[in-house]
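A.B. asks: Got start27.txt for you, compact mmCIF, C-alpha atoms:
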# COMPACT_ATOMS: atom_id res chain seq x y z
CA MET A 14 -5.46 -28.74 2.80
CA ASN A 15 -4.65 -31.58 5.17
CA GLU A 16 -2.25 -29.32 7.08
CA LEU A 17 -4.96 -26.68 7.49
CA ASN A 18 -7.44 -29.25 8.79
CA ALA A 19 -4.83 -30.65 11.19
CA LEU A 20 -4.02 -27.18 12.55
CA ARG A 21 -7.69 -26.62 13.32
CA THR A 22 -7.92 -29.70 15.56
CA PRO A 23 -7.46 -29.31 19.35
CA GLU A 24 -3.94 -30.70 19.05
CA GLY A 25 -3.10 -28.33 16.21
CA GLY A 26 -4.55 -25.35 18.06
CA ALA A 27 -2.51 -26.18 21.16
CA LEU A 28 0.64 -26.41 19.05
CA LEU A 29 -0.09 -23.05 17.42
CA ASP A 30 -0.42 -21.50 20.87
CA GLU A 31 2.85 -23.07 21.97
CA VAL A 32 4.91 -21.92 18.98
CA ARG A 33 3.43 -18.42 18.86
CA GLY A 34 6.21 -15.85 18.46
CA THR A 35 8.97 -18.43 18.10
CA ASP A 36 12.34 -16.82 17.36
CA PRO A 37 13.55 -18.11 13.96
CA ALA A 38 16.96 -18.74 15.52
CA ARG A 39 15.34 -21.21 17.95
CA GLU A 40 13.03 -22.88 15.45
CA LEU A 41 15.15 -26.02 15.04
CA ALA A 42 15.44 -26.57 18.79
CA VAL A 43 11.71 -25.99 19.27
CA ALA A 44 10.85 -28.36 16.43
CA THR A 45 13.12 -31.08 17.84
CA ARG A 46 11.49 -30.83 21.26
CA LEU A 47 7.91 -30.81 19.97
CA ARG A 48 8.43 -33.77 17.64
CA ARG A 49 8.89 -35.99 20.65
CA ASP A 50 5.17 -35.69 21.39
CA HIS A 51 3.58 -34.63 18.09
CA PRO A 52 3.71 -35.76 14.44
CA ALA A 53 6.61 -34.14 12.59
CA GLU A 54 4.33 -32.89 9.79
CA LEU A 55 2.04 -31.15 12.28
CA VAL A 56 4.97 -29.50 14.07
CA SER A 57 6.35 -28.22 10.75
CA ALA A 58 2.91 -26.93 9.75
CA ALA A 59 2.48 -25.12 13.09
CA LEU A 60 5.91 -23.48 12.89
CA GLY A 61 5.28 -22.45 9.30
CA GLN A 62 1.93 -20.94 10.23
CA ALA A 63 3.49 -19.14 13.20
CA TRP A 64 6.03 -17.54 10.88
CA LEU A 65 3.30 -16.45 8.44
CA ARG A 66 1.28 -14.99 11.31
CA GLN A 67 4.27 -12.94 12.43
CA ARG A 68 4.63 -11.57 8.90
CA ALA A 69 0.89 -10.82 8.75
CA VAL A 70 0.88 -8.62 11.85
CA ALA A 71 1.97 -5.60 9.77
CA LYS A 72 -1.13 -5.92 7.60
CA PHE A 73 -3.76 -7.35 9.93
CA GLY A 74 -2.68 -6.34 13.43
CA ALA A 75 -1.56 -8.73 16.16
CA ASP A 76 -5.05 -9.75 17.30
CA ASP A 77 -6.43 -10.84 13.92
CA ALA A 78 -3.11 -12.19 12.63
CA GLY A 79 -2.82 -14.36 15.73
CA ARG A 80 -6.13 -16.08 14.96
CA MET A 81 -6.14 -16.22 11.16
CA PHE A 82 -4.60 -18.74 8.79
CA PHE A 83 -2.33 -17.78 5.92
CA THR A 84 -0.56 -19.01 2.84
CA PRO A 85 2.71 -17.40 1.69
CA ASN A 86 0.98 -15.81 -1.32
CA GLY A 87 -1.93 -14.80 0.90
CA VAL A 88 0.28 -12.77 3.20
CA GLU A 89 2.11 -11.19 0.28
CA GLN A 90 -0.94 -10.23 -1.75
CA SER A 91 -3.51 -9.36 0.93
CA THR A 92 -4.78 -5.83 1.31
CA ARG A 93 -3.67 -4.03 4.45
CA ALA A 94 -6.57 -4.11 6.91
CA SER A 95 -6.77 -0.30 7.21
CA VAL A 96 -7.16 0.06 3.44
CA ALA A 97 -9.73 -2.75 3.22
CA ALA A 98 -11.70 -1.16 6.07
CA TYR A 99 -11.72 2.20 4.30
CA ARG A 100 -13.05 0.63 1.10
CA ALA A 101 -15.67 -1.30 3.04
CA ARG A 102 -16.86 1.91 4.75
CA ARG A 103 -17.15 3.60 1.41
CA MET A 104 -19.18 0.69 0.07
CA ARG A 105 -21.48 0.96 3.05
CA GLU A 106 -21.88 4.72 2.52
CA LEU A 107 -22.96 3.98 -1.04
CA GLY A 108 -25.82 1.91 0.36
CA VAL A 109 -24.28 -1.46 -0.52
CA THR A 110 -25.55 -4.35 1.61
CA SER A 111 -24.20 -7.31 -0.39
CA VAL A 112 -20.97 -7.80 -2.35
CA ALA A 113 -19.60 -10.51 -4.62
CA ASP A 114 -15.89 -10.56 -3.72
CA LEU A 115 -14.21 -12.14 -6.74
CA CYS A 116 -10.64 -13.44 -6.35
CA CYS A 117 -11.07 -13.21 -2.58
CA GLY A 118 -7.69 -14.71 -1.64
CA ILE A 119 -7.47 -15.57 2.06
CA GLY A 120 -10.45 -13.32 2.78
CA GLY A 121 -8.97 -10.05 4.00
CA ASP A 122 -11.35 -7.85 2.02
CA ALA A 123 -14.32 -10.09 2.77
CA ILE A 124 -13.57 -9.73 6.48
CA ALA A 125 -13.52 -5.93 6.22
CA LEU A 126 -16.78 -5.90 4.25
CA ALA A 127 -18.49 -8.22 6.74
CA ARG A 128 -17.35 -6.07 9.66
CA ALA A 129 -19.03 -3.15 7.92
CA GLY A 130 -22.28 -5.13 8.03
CA ILE A 131 -22.18 -6.24 4.39
CA ARG A 132 -23.11 -9.75 3.26
CA VAL A 133 -20.31 -11.27 1.16
CA LEU A 134 -19.95 -14.03 -1.41
CA ALA A 135 -16.19 -14.69 -1.46
CA VAL A 136 -14.96 -16.60 -4.51
CA ASP A 137 -11.57 -18.11 -5.33
CA ARG A 138 -10.72 -20.94 -7.67
CA ASP A 139 -7.77 -22.29 -5.65
CA PRO A 140 -9.01 -25.00 -3.24
CA LEU A 141 -6.51 -24.24 -0.45
CA THR A 142 -7.01 -20.49 -0.70
CA ALA A 143 -10.78 -20.87 -0.53
CA ALA A 144 -10.44 -23.21 2.46
CA VAL A 145 -8.23 -20.67 4.25
CA ALA A 146 -10.73 -17.88 3.55
CA ARG A 147 -13.53 -20.05 4.99
CA ALA A 148 -11.44 -20.86 8.07
CA ASN A 149 -10.68 -17.19 8.64
CA ALA A 150 -14.35 -16.22 8.42
CA GLU A 151 -15.13 -18.88 11.02
CA GLU A 152 -12.22 -18.02 13.32
CA LEU A 153 -13.21 -14.34 13.37
CA GLY A 154 -16.91 -15.05 13.96
CA LEU A 155 -18.04 -13.80 10.54
CA ALA A 156 -19.24 -17.04 8.94
CA ASP A 157 -22.87 -15.85 9.04
CA LEU A 158 -21.99 -12.96 6.72
CA ILE A 159 -19.36 -14.59 4.50
CA GLU A 160 -20.13 -17.44 2.12
CA VAL A 161 -16.93 -18.84 0.58
CA ARG A 162 -17.20 -20.58 -2.76
CA GLU A 163 -14.47 -22.45 -4.63
CA ALA A 164 -15.12 -21.56 -8.27
CA ASP A 165 -13.84 -19.80 -11.38
CA VAL A 166 -14.91 -16.17 -10.92
CA THR A 167 -15.77 -15.87 -14.61
CA GLU A 168 -18.52 -18.45 -14.13
CA VAL A 169 -20.16 -16.89 -11.05
CA ASP A 170 -23.53 -15.17 -11.36
CA THR A 171 -23.31 -11.88 -9.45
CA GLY A 172 -26.79 -10.67 -10.40
CA GLY A 173 -28.19 -10.88 -6.88
CA TYR A 174 -25.58 -8.59 -5.29
CA ASP A 175 -25.52 -4.82 -4.83
CA ALA A 176 -21.84 -4.59 -5.75
CA VAL A 177 -18.91 -6.47 -7.19
CA PHE A 178 -15.37 -6.27 -5.85
CA VAL A 179 -12.58 -7.72 -7.98
CA ASP A 180 -8.97 -8.09 -6.91
CA PRO A 181 -7.27 -9.79 -9.87
CA ALA A 182 -3.93 -11.55 -9.44
CA ARG A 183 -1.14 -9.17 -10.40
CA ARG A 184 1.80 -11.50 -9.89
CA GLY A 185 3.05 -14.28 -12.12
CA GLY A 186 6.00 -16.63 -12.18
CA ARG A 187 8.34 -13.73 -12.96
CA GLY A 188 7.03 -11.29 -10.37
CA ARG A 189 4.68 -8.34 -10.67
CA ILE A 190 2.50 -7.91 -13.73
CA PHE A 191 2.22 -4.35 -15.04
CA ASP A 192 -0.03 -4.88 -18.07
CA PRO A 193 -3.66 -4.76 -16.81
CA GLU A 194 -4.69 -7.17 -19.57
CA ALA A 195 -2.21 -9.71 -18.17
CA TYR A 196 -3.97 -9.70 -14.80
CA SER A 197 -5.85 -12.87 -13.88
CA PRO A 198 -8.64 -12.30 -14.78
CA PRO A 199 -7.83 -9.47 -17.25
CA LEU A 200 -8.92 -5.93 -16.45
CA SER A 201 -11.27 -5.91 -19.45
CA TRP A 202 -13.21 -8.84 -17.99
CA ALA A 203 -13.33 -7.16 -14.56
CA VAL A 204 -14.68 -3.96 -16.15
CA GLU A 205 -17.43 -5.92 -17.89
CA ALA A 206 -18.38 -7.53 -14.58
CA ALA A 207 -18.37 -4.10 -12.91
CA LEU A 208 -20.64 -2.56 -15.51
CA ARG A 209 -23.27 -5.25 -14.89
CA ALA A 210 -23.54 -4.32 -11.19
CA PRO A 211 -25.10 -1.24 -9.56
CA HIS A 212 -21.75 -0.54 -7.89
CA ALA A 213 -18.29 -2.01 -8.24
CA ALA A 214 -14.71 -1.55 -7.12
CA LEU A 215 -11.74 -3.01 -8.98
CA LYS A 216 -8.40 -3.11 -7.19
CA VAL A 217 -5.51 -2.41 -9.55
CA ALA A 218 -1.81 -1.63 -9.25
CA PRO A 219 -1.07 1.99 -8.32
CA GLY A 220 1.12 2.29 -11.40
CA ILE A 221 -1.81 1.80 -13.77
CA PRO A 222 -1.55 4.29 -16.67
CA HIS A 223 -4.26 6.93 -16.56
CA GLU A 224 -5.12 6.17 -20.16
CA ALA A 225 -5.99 2.60 -19.10
CA VAL A 226 -8.72 3.86 -16.74
CA PRO A 227 -12.17 3.28 -18.32
CA GLU A 228 -14.26 6.37 -19.01
CA ALA A 229 -17.08 5.01 -16.86
CA ALA A 230 -14.84 4.69 -13.79
CA GLU A 231 -13.75 6.92 -10.96
CA ALA A 232 -10.05 6.39 -10.20
CA GLU A 233 -8.83 6.59 -6.61
CA TRP A 234 -5.26 6.22 -5.41
CA ILE A 235 -4.84 5.27 -1.74
CA SER A 236 -1.83 5.68 0.53
CA ASP A 237 -1.48 4.56 4.14
CA GLY A 238 1.06 6.25 6.38
CA GLY A 239 2.66 7.83 3.31
CA ASP A 240 3.04 4.56 1.37
CA VAL A 241 0.97 4.18 -1.81
CA LYS A 242 -0.89 0.90 -1.49
CA GLU A 243 -3.28 0.61 -4.41
CA ALA A 244 -5.53 2.19 -6.95
CA VAL A 245 -9.24 1.45 -7.09
CA LEU A 246 -11.55 1.86 -10.06
CA TRP A 247 -15.04 2.66 -8.78
CA PHE A 248 -18.18 2.22 -10.86
CA GLY A 249 -21.54 3.72 -10.03
CA THR A 250 -20.01 6.74 -8.27
CA GLY A 251 -18.74 9.44 -10.64
CA PRO A 252 -17.41 8.71 -14.14
CA GLY A 253 -14.14 10.50 -14.81
CA LEU A 254 -13.51 11.56 -11.22
CA VAL A 255 -9.95 11.33 -9.89
CA ARG A 256 -9.19 11.16 -6.17
CA ALA A 257 -6.22 10.71 -3.86
CA THR A 258 -7.07 9.36 -0.41
CA LEU A 259 -4.62 9.41 2.48
CA LEU A 260 -4.94 7.10 5.47
CA PRO A 261 -5.27 7.35 8.38
CA GLY A 262 -7.99 9.92 8.12
CA PRO A 263 -9.27 9.50 5.59
CA ARG A 264 -8.39 12.70 3.77
CA THR A 265 -9.44 12.86 0.15
CA LEU A 266 -8.27 15.30 -2.52
CA THR A 267 -10.47 15.42 -5.62
CA GLY A 268 -9.18 16.49 -9.01
CA ARG A 269 -10.59 19.68 -10.50
CA GLY A 270 -8.94 19.54 -13.90
CA LEU A 271 -6.32 22.19 -13.14
CA VAL A 272 -3.54 22.86 -15.63
CA ASP A 273 0.03 22.08 -14.64
CA PRO A 274 1.57 24.71 -12.35
CA GLU A 275 4.19 27.05 -13.75
CA VAL A 276 7.89 26.56 -13.02
CA ARG A 277 9.20 29.22 -10.64
CA PRO A 278 12.38 30.03 -8.71
CA VAL A 279 13.12 28.13 -5.51
CA GLY A 280 11.19 29.66 -2.64
CA ARG A 281 11.65 29.41 1.10
CA PHE A 282 9.54 26.24 1.31
CA LEU A 283 9.46 22.96 -0.58
CA TYR A 284 6.35 20.75 -0.54
CA GLU A 285 6.68 17.03 -1.19
CA PRO A 286 3.25 15.74 -2.27
CA ASP A 287 2.05 12.40 -0.93
CA GLY A 288 2.63 9.52 -3.34
CA ALA A 289 -1.10 9.03 -3.87
CA VAL A 290 -1.40 12.67 -4.93
CA ILE A 291 1.43 12.22 -7.43
CA ARG A 292 0.00 8.98 -8.83
CA ALA A 293 -3.40 10.65 -9.21
CA HIS A 294 -1.79 13.57 -11.09
CA LEU A 295 -3.12 16.06 -8.54
CA VAL A 296 0.08 18.00 -7.88
CA ALA A 297 -1.55 21.09 -9.40
CA GLU A 298 -4.27 20.97 -6.72
CA VAL A 299 -1.58 20.93 -4.00
CA ALA A 300 0.32 23.77 -5.66
CA GLN A 301 -2.85 25.87 -5.68
CA GLN A 302 -3.45 25.11 -1.98
CA VAL A 303 0.01 26.36 -0.97
CA GLY A 304 0.27 29.16 -3.53
CA GLY A 305 3.29 27.66 -5.22
CA GLY A 306 4.77 26.39 -8.47
CA LEU A 307 7.07 23.65 -9.67
CA LEU A 308 10.85 23.47 -9.32
CA ASP A 309 10.94 21.79 -12.72
CA ALA A 310 8.29 21.00 -15.30
CA THR A 311 8.91 17.25 -14.95
CA ILE A 312 9.42 16.98 -11.16
CA ALA A 313 6.63 16.67 -8.56
CA TYR A 314 8.17 19.08 -6.05
CA VAL A 315 6.27 22.26 -5.27
CA THR A 316 8.00 25.41 -4.05
CA ALA A 317 6.43 28.44 -2.36
CA ASP A 318 7.39 31.51 -0.33
CA GLU A 319 4.92 31.09 2.50
CA PRO A 320 4.21 28.18 4.88
CA ARG A 321 0.73 26.78 4.44
CA ASP A 322 -0.67 23.64 6.03
CA THR A 323 -1.91 20.91 3.74
CA PRO A 324 -2.47 17.25 4.62
CA TYR A 325 -1.54 16.29 1.06
CA ALA A 326 2.14 17.25 1.18
CA THR A 327 5.03 17.44 3.63
CA ALA A 328 6.60 20.90 3.95
CA TYR A 329 10.31 21.63 4.33
CA GLU A 330 12.01 24.94 5.00
CA ILE A 331 14.85 25.33 2.50
CA THR A 332 18.10 26.86 3.75
CA ASP A 333 20.41 26.30 0.76
CA HIS A 334 20.08 25.90 -2.99
CA LEU A 335 23.28 24.67 -4.64
CA PRO A 336 24.35 23.09 -7.93
CA PHE A 337 25.00 19.38 -7.47
CA ASN A 338 28.53 18.95 -6.10
CA VAL A 339 29.52 16.10 -3.76
CA LYS A 340 32.66 17.79 -2.40
CA LYS A 341 30.82 21.00 -1.64
CA LEU A 342 28.03 19.13 0.12
CA LYS A 343 30.51 17.12 2.22
CA ALA A 344 32.29 20.26 3.34
CA LEU A 345 29.03 22.03 4.15
CA LEU A 346 27.77 19.15 6.29
CA ARG A 347 31.08 19.02 8.20
CA GLU A 348 31.03 22.77 8.77
CA ARG A 349 27.49 22.61 10.21
CA GLY A 350 28.10 19.61 12.46
CA VAL A 351 25.57 17.35 10.77
CA GLY A 352 25.11 13.95 12.34
CA VAL A 353 21.70 12.98 10.90
CA LEU A 354 21.30 13.15 7.13
CA THR A 355 18.13 12.33 5.19
CA VAL A 356 18.53 12.12 1.43
CA LYS A 357 15.53 12.35 -0.87
CA LYS A 358 15.63 12.32 -4.63
CA ARG A 359 13.37 12.97 -7.57
CA GLY A 360 14.73 13.32 -11.07
CA SER A 361 18.27 12.37 -10.05
CA ALA A 362 20.29 9.27 -10.94
CA VAL A 363 22.28 9.44 -7.69
CA GLU A 364 21.46 6.73 -5.14
CA PRO A 365 20.73 8.20 -1.68
CA GLU A 366 22.69 5.53 0.22
CA GLU A 367 25.72 5.96 -1.99
CA LEU A 368 25.67 9.72 -1.51
CA ARG A 369 25.23 9.34 2.24
CA ARG A 370 28.32 7.14 2.45
CA LYS A 371 30.38 9.66 0.49
CA VAL A 372 29.37 12.86 2.26
CA LEU A 373 28.80 11.60 5.80
CA PRO A 374 30.98 8.54 6.41
CA LYS A 375 31.09 9.54 10.08
CA PRO A 376 28.68 11.86 11.91
CA HIS A 377 30.21 15.23 12.71
CA GLY A 378 27.68 16.42 15.26
CA THR A 379 24.02 16.31 16.19
CA ALA A 380 22.45 18.64 13.62
CA ALA A 381 19.87 17.11 11.23
CA VAL A 382 19.58 18.04 7.56
CA THR A 383 17.43 16.86 4.67
CA VAL A 384 19.02 16.98 1.21
CA PHE A 385 16.86 16.93 -1.92
CA LEU A 386 18.59 15.72 -5.07
CA THR A 387 16.53 17.03 -7.95
CA ARG A 388 16.46 19.36 -10.92
CA VAL A 389 15.66 23.05 -10.81
CA ALA A 390 14.58 24.39 -14.19
CA GLY A 391 16.36 21.48 -15.84
CA ALA A 392 19.67 21.74 -13.96
CA PRO A 393 20.87 19.15 -11.37
CA ALA A 394 20.62 20.73 -7.93
CA MET A 395 20.84 20.12 -4.20
CA LEU A 396 18.35 21.71 -1.83
CA LEU A 397 19.11 21.57 1.90
CA GLY A 398 16.46 22.05 4.52
CA ARG A 399 14.50 20.72 7.46
CA PRO A 400 10.89 19.74 8.09
CA ALA A 401 8.77 22.84 8.54
CA PRO A 402 6.77 23.10 11.78
CA ARG A 403 3.07 22.56 11.19
Would you mind giving the structure from this file in structure tokens?
C.D. replies:
Amino acid sequence: MNELNALRTPEGGALLDEVRGTDPARELAVATRLRRDHPAELVSAALGQAWLRQRAVAKFGADDAGRMFFTPNGVEQSTRASVAAYRARRMRELGVTSVADLCCGIGGDAIALARAGIRVLAVDRDPLTAAVARANAEELGLADLIEVREADVTEVDTGGYDAVFVDPARRGGRGRIFDPEAYSPPLSWAVEAALRAPHAALKVAPGIPHEAVPEAAEAEWISDGGDVKEAVLWFGTGPGLVRATLLPGPRTLTGRGLVDPEVRPVGRFLYEPDGAVIRAHLVAEVAQQVGGGLLDATIAYVTADEPRDTPYATAYEITDHLPFNVKKLKALLRERGVGVLTVKKRGSAVEPEELRRKVLPKPHGTAAVTVFLTRVAGAPAMLLGRPAPR
């Protein structure tokens, strides 16, 4: 707390400006020089904050990250700004004007909600985390919309707010927590809090089992740039709905209760559904869009004979379908002058990097090939192809 206060003084702010973007290899030399004129503790705090800000750029962008304050856990556990902004827009579209943000962390979600014009009560029980959230609201000019409160979220009255947002801690001393009841606070408590509000959104791990989703909730899986970032349980929208949302966009695919597609022979095209689509169990919806079926009953690859555009899957044109054989693959790549090899796998125990080292120790040309290690009707197989033109 003292470090945060010191960094917000004129001297601390000047130091933060001076160490901005410091190369880690030069950190010792920079620290030695600055300690001649500044307290050693303040120099260390500024360099530590500079490093956290560099890490935060990927989530918050250079402009915001360069002005905000962070803790190591705050950087690690914060929502990516693009995802938080999408959720905030959806809240606004639901008519929400005030939100109780429980387990607010360093304030990333509160910032997105405030920028959407929503009044926020941001609550966290950790004194330093709450202080950082308050500092970030002030630094970004959002203090009029964000009230930060240091408190136990289970003791906060949320009755005066249009919506509740809960982002429970999903990491413990041993890493990620996969059991929703081991979250802090537990998912069951968060659901009770959600049911008391007109609207609510609970952020959960994307690997949450579908059977753990409450009947009263809509479940949405969100990916950004192809990477699955989170699942959100929405209350007050549509009980039982399942959605996959892809950012940027957004593009949203809604489940229609389709039965699993049939397994069929390998066609000319392979479609790799986005991870959010797979997590949401909406592969059947993609298969219907492209007029295809599955390569294998347990594998989320769709195959079809015709090219059809869909934002929910990446299409590849398949040139070869072979039984899995390392020697045969190596010879084929050499024969075709392959210099760029992308290896994807689903349903295979082979590690892509290990295979790449074995079959392409040295590039043989400039051709590019994508190899899919998978199963076709239960049998290990290799499919070779290239991205299909859109």
A.B. asks: Determine, counting only C-alpha atoms, which protein, DNA and RNA residues have an atom within 7 Å of an atom of stretch 85-101 of chain A; residues of the same chain fewer than 6 positions away are not included. Present the result as number ranges by chain.
C.D. replies: A: 65, 69, 72-73, 118-119, 121-122, 125-126, 129
A.B. asks: Which polymer residues have any atom within 7 Å of an atom of A:Ala210, counting all atoms listed in the file, with same-chain residues fewer than 4 positions away left out, as a PyMOL selection string?
C.D. replies: chain A and resi 175-177+206
A.B. asks: Applying 7 Å and all atoms listed in the file, which residues near stretch 396-403 of chain A remain after dropping the ones on its own chain fewer than 2 positions away? List them as a list in words.
C.D. replies: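 The residues that qualify are Asp322, Ala328, Tyr329, Glu330, Ile331, Thr332, Asp333, His334, Leu335, Val382, Thr383, Val384, Phe385, Leu386 and Ala394 of chain A.
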A.B. asks: What separation in Å, quoted to one decimal, exists between atom CA of A:Asp76 and atom CA of A:Met104?
C.D. replies: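 Computing the Euclidean distance for atom CA of A:Asp76 and atom CA of A:Met104 yields 24.6 Å.
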A.B. asks: Return as JSON the centre and edge lengths, in Å with one decimal, of the box along x, y and z that encloses every atom of stretch 270-289 of chain A in the file, padded by 8 Å per side.
C.D. replies:
{"center_x": 2.1, "center_y": 19.5, "center_z": -7.2, "size_x": 38.1, "size_y": 37.0, "size_z": 32.9}
A.B. asks: What's the 10 Å shell around A:Asp273, counting only C-alpha atoms, without same-chain residues fewer than 2 positions away, as a VMD selection string?
C.D. replies: chain A and resid 270 to 271 275 to 276 294 to 298 300 306 to 307 310
A.B. asks: Work out how far atom CA of A:Leu153 is from atom CA of A:Val245, in Å to one decimal.
C.D. replies: 26.1 Å
A.B. asks: Show which residues sit within 7 Å of A:Val133, as a compact mmCIF listing (two decimals) with C-alpha atoms, in the frame of the given file. Count only C-alpha atoms, and ignore same-chain residues fewer than 6 positions away.
C.D. replies:
# COMPACT_ATOMS: atom_id res chain seq x y z
CA SER A 111 -24.20 -7.31 -0.39
CA VAL A 112 -20.97 -7.80 -2.35
CA ALA A 113 -19.60 -10.51 -4.62
CA ASP A 114 -15.89 -10.56 -3.72
CA ALA A 123 -14.32 -10.09 2.77
CA ALA A 127 -18.49 -8.22 6.74
CA LEU A 158 -21.99 -12.96 6.72
CA ILE A 159 -19.36 -14.59 4.50
CA GLU A 160 -20.13 -17.44 2.12
A.B. asks: For A:Val315, which residue among A:Arg39, A:Arg264, A:Lys375, A:Arg359 is the nearest when counting all atoms listed in the file?
C.D. replies: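 Result for the nearest residue to A:Val315: A:Arg359.
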A.B. asks: Interatomic distance between atom CA of A:Lys340 and atom CA of A:Lys371?
C.D. replies: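 So the two atoms, atom CA of A:Lys340 and atom CA of A:Lys371, lie 8.9 Å apart.
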A.B. asks: Looking at A:Gly350, A:Gly288, A:Pro365, A:Pro336, which one is nearest to A:Ala392, with distances taken over all atoms listed in the file?
C.D. replies: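 Among the listed residues, A:Pro336 lies closest to A:Ala392.
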A.B. asks: Give as a ChimeraX atom specification the set of residues within 6 Å of the point (15.7, 14.2, -8.9), where distances use the file's coordinates and all atoms listed in the file.
C.D. replies: /A:358-361,386-388
A.B. asks: Those selected residues, please, written with C-alpha atoms and delivered as a PDB file, in the coordinates of the input.
C.D. replies:
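Now in out-v8.pdb:
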ATOM      1  CA  LYS A 358      15.630  12.320  -4.630  1.00  0.00           C
ATOM      2  CA  ARG A 359      13.370  12.970  -7.570  1.00  0.00           C
ATOM      3  CA  GLY A 360      14.730  13.320 -11.070  1.00  0.00           C
ATOM      4  CA  SER A 361      18.270  12.370 -10.050  1.00  0.00           C
ATOM      5  CA  LEU A 386      18.590  15.720  -5.070  1.00  0.00           C
ATOM      6  CA  THR A 387      16.530  17.030  -7.950  1.00  0.00           C
ATOM      7  CA  ARG A 388      16.460  19.360 -10.920  1.00  0.00           C
TER       8      ARG A 388
END
A.B. asks: Taking into account all atoms listed in the file, which residue in the set A:Arg321, A:Arg162, A:Lys341, A:Arg103 is nearest to A:Met395?
C.D. replies: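 Among the listed residues, the smallest separation from A:Met395 belongs to A:Lys341.
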A.B. asks: For A:Glu31, which of A:Pro324, A:Arg46, A:Asp170, A:Leu345 is the closest residue, counting only C-alpha atoms?
C.D. replies: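 Closest residue, counting only C-alpha atoms: A:Arg46.
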A.B. asks: Counting all atoms listed in the file, which residue out of A:Arg189, A:Arg292, A:Arg21, A:Arg269 sits closest to A:Ala244?
C.D. replies: A:Arg292
A.B. asks: For A:Tyr325, which of A:Pro278, A:Pro52, A:Gly239, A:Gly74 is the closest residue, counting only C-alpha atoms?
C.D. replies: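 Ranked by minimum distance to A:Tyr325, first place goes to A:Gly239.
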A.B. asks: Could you complete stretch 113-124 of chain A so that it carries N, CA, C and O atoms, and give it back as a PDB file, in the coordinates of the input?
C.D. replies:
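Okay, part27.pdb is ready:
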ATOM      1  N   ALA A 113     -20.277  -9.329  -4.092  1.00  0.00           N
ATOM      2  CA  ALA A 113     -19.600 -10.510  -4.620  1.00  0.00           C
ATOM      3  C   ALA A 113     -18.121 -10.175  -4.694  1.00  0.00           C
ATOM      4  O   ALA A 113     -17.702  -9.335  -5.494  1.00  0.00           O
ATOM      5  N   ASP A 114     -17.339 -10.787  -3.806  1.00  0.00           N
ATOM      6  CA  ASP A 114     -15.890 -10.560  -3.720  1.00  0.00           C
ATOM      7  C   ASP A 114     -15.210 -11.613  -4.577  1.00  0.00           C
ATOM      8  O   ASP A 114     -15.087 -12.767  -4.179  1.00  0.00           O
ATOM      9  N   LEU A 115     -14.784 -11.211  -5.769  1.00  0.00           N
ATOM     10  CA  LEU A 115     -14.210 -12.140  -6.740  1.00  0.00           C
ATOM     11  C   LEU A 115     -12.690 -12.121  -6.643  1.00  0.00           C
ATOM     12  O   LEU A 115     -12.083 -11.051  -6.588  1.00  0.00           O
ATOM     13  N   CYS A 116     -12.075 -13.292  -6.626  1.00  0.00           N
ATOM     14  CA  CYS A 116     -10.640 -13.440  -6.350  1.00  0.00           C
ATOM     15  C   CYS A 116     -10.372 -13.015  -4.907  1.00  0.00           C
ATOM     16  O   CYS A 116      -9.569 -12.128  -4.630  1.00  0.00           O
ATOM     17  N   CYS A 117     -11.055 -13.666  -3.983  1.00  0.00           N
ATOM     18  CA  CYS A 117     -11.070 -13.210  -2.580  1.00  0.00           C
ATOM     19  C   CYS A 117      -9.781 -13.514  -1.832  1.00  0.00           C
ATOM     20  O   CYS A 117      -9.564 -12.977  -0.742  1.00  0.00           O
ATOM     21  N   GLY A 118      -8.904 -14.375  -2.366  1.00  0.00           N
ATOM     22  CA  GLY A 118      -7.690 -14.710  -1.640  1.00  0.00           C
ATOM     23  C   GLY A 118      -8.027 -15.336  -0.296  1.00  0.00           C
ATOM     24  O   GLY A 118      -8.984 -16.097  -0.156  1.00  0.00           O
ATOM     25  N   ILE A 119      -7.250 -14.983   0.730  1.00  0.00           N
ATOM     26  CA  ILE A 119      -7.470 -15.570   2.060  1.00  0.00           C
ATOM     27  C   ILE A 119      -8.589 -14.890   2.823  1.00  0.00           C
ATOM     28  O   ILE A 119      -8.835 -15.216   3.977  1.00  0.00           O
ATOM     29  N   GLY A 120      -9.245 -13.895   2.178  1.00  0.00           N
ATOM     30  CA  GLY A 120     -10.450 -13.320   2.780  1.00  0.00           C
ATOM     31  C   GLY A 120     -10.285 -11.999   3.489  1.00  0.00           C
ATOM     32  O   GLY A 120     -11.195 -11.555   4.182  1.00  0.00           O
ATOM     33  N   GLY A 121      -9.172 -11.319   3.305  1.00  0.00           N
ATOM     34  CA  GLY A 121      -8.970 -10.050   4.000  1.00  0.00           C
ATOM     35  C   GLY A 121     -10.018  -9.003   3.686  1.00  0.00           C
ATOM     36  O   GLY A 121     -10.549  -8.339   4.580  1.00  0.00           O
ATOM     37  N   ASP A 122     -10.339  -8.843   2.405  1.00  0.00           N
ATOM     38  CA  ASP A 122     -11.350  -7.850   2.020  1.00  0.00           C
ATOM     39  C   ASP A 122     -12.737  -8.293   2.440  1.00  0.00           C
ATOM     40  O   ASP A 122     -13.561  -7.466   2.864  1.00  0.00           O
ATOM     41  N   ALA A 123     -13.015  -9.583   2.333  1.00  0.00           N
ATOM     42  CA  ALA A 123     -14.320 -10.090   2.770  1.00  0.00           C
ATOM     43  C   ALA A 123     -14.530  -9.832   4.255  1.00  0.00           C
ATOM     44  O   ALA A 123     -15.632  -9.480   4.693  1.00  0.00           O
ATOM     45  N   ILE A 124     -13.479  -9.988   5.036  1.00  0.00           N
ATOM     46  CA  ILE A 124     -13.570  -9.730   6.480  1.00  0.00           C
ATOM     47  C   ILE A 124     -13.918  -8.265   6.736  1.00  0.00           C
ATOM     48  O   ILE A 124     -14.788  -7.943   7.551  1.00  0.00           O
TER      49      ILE A 124
END
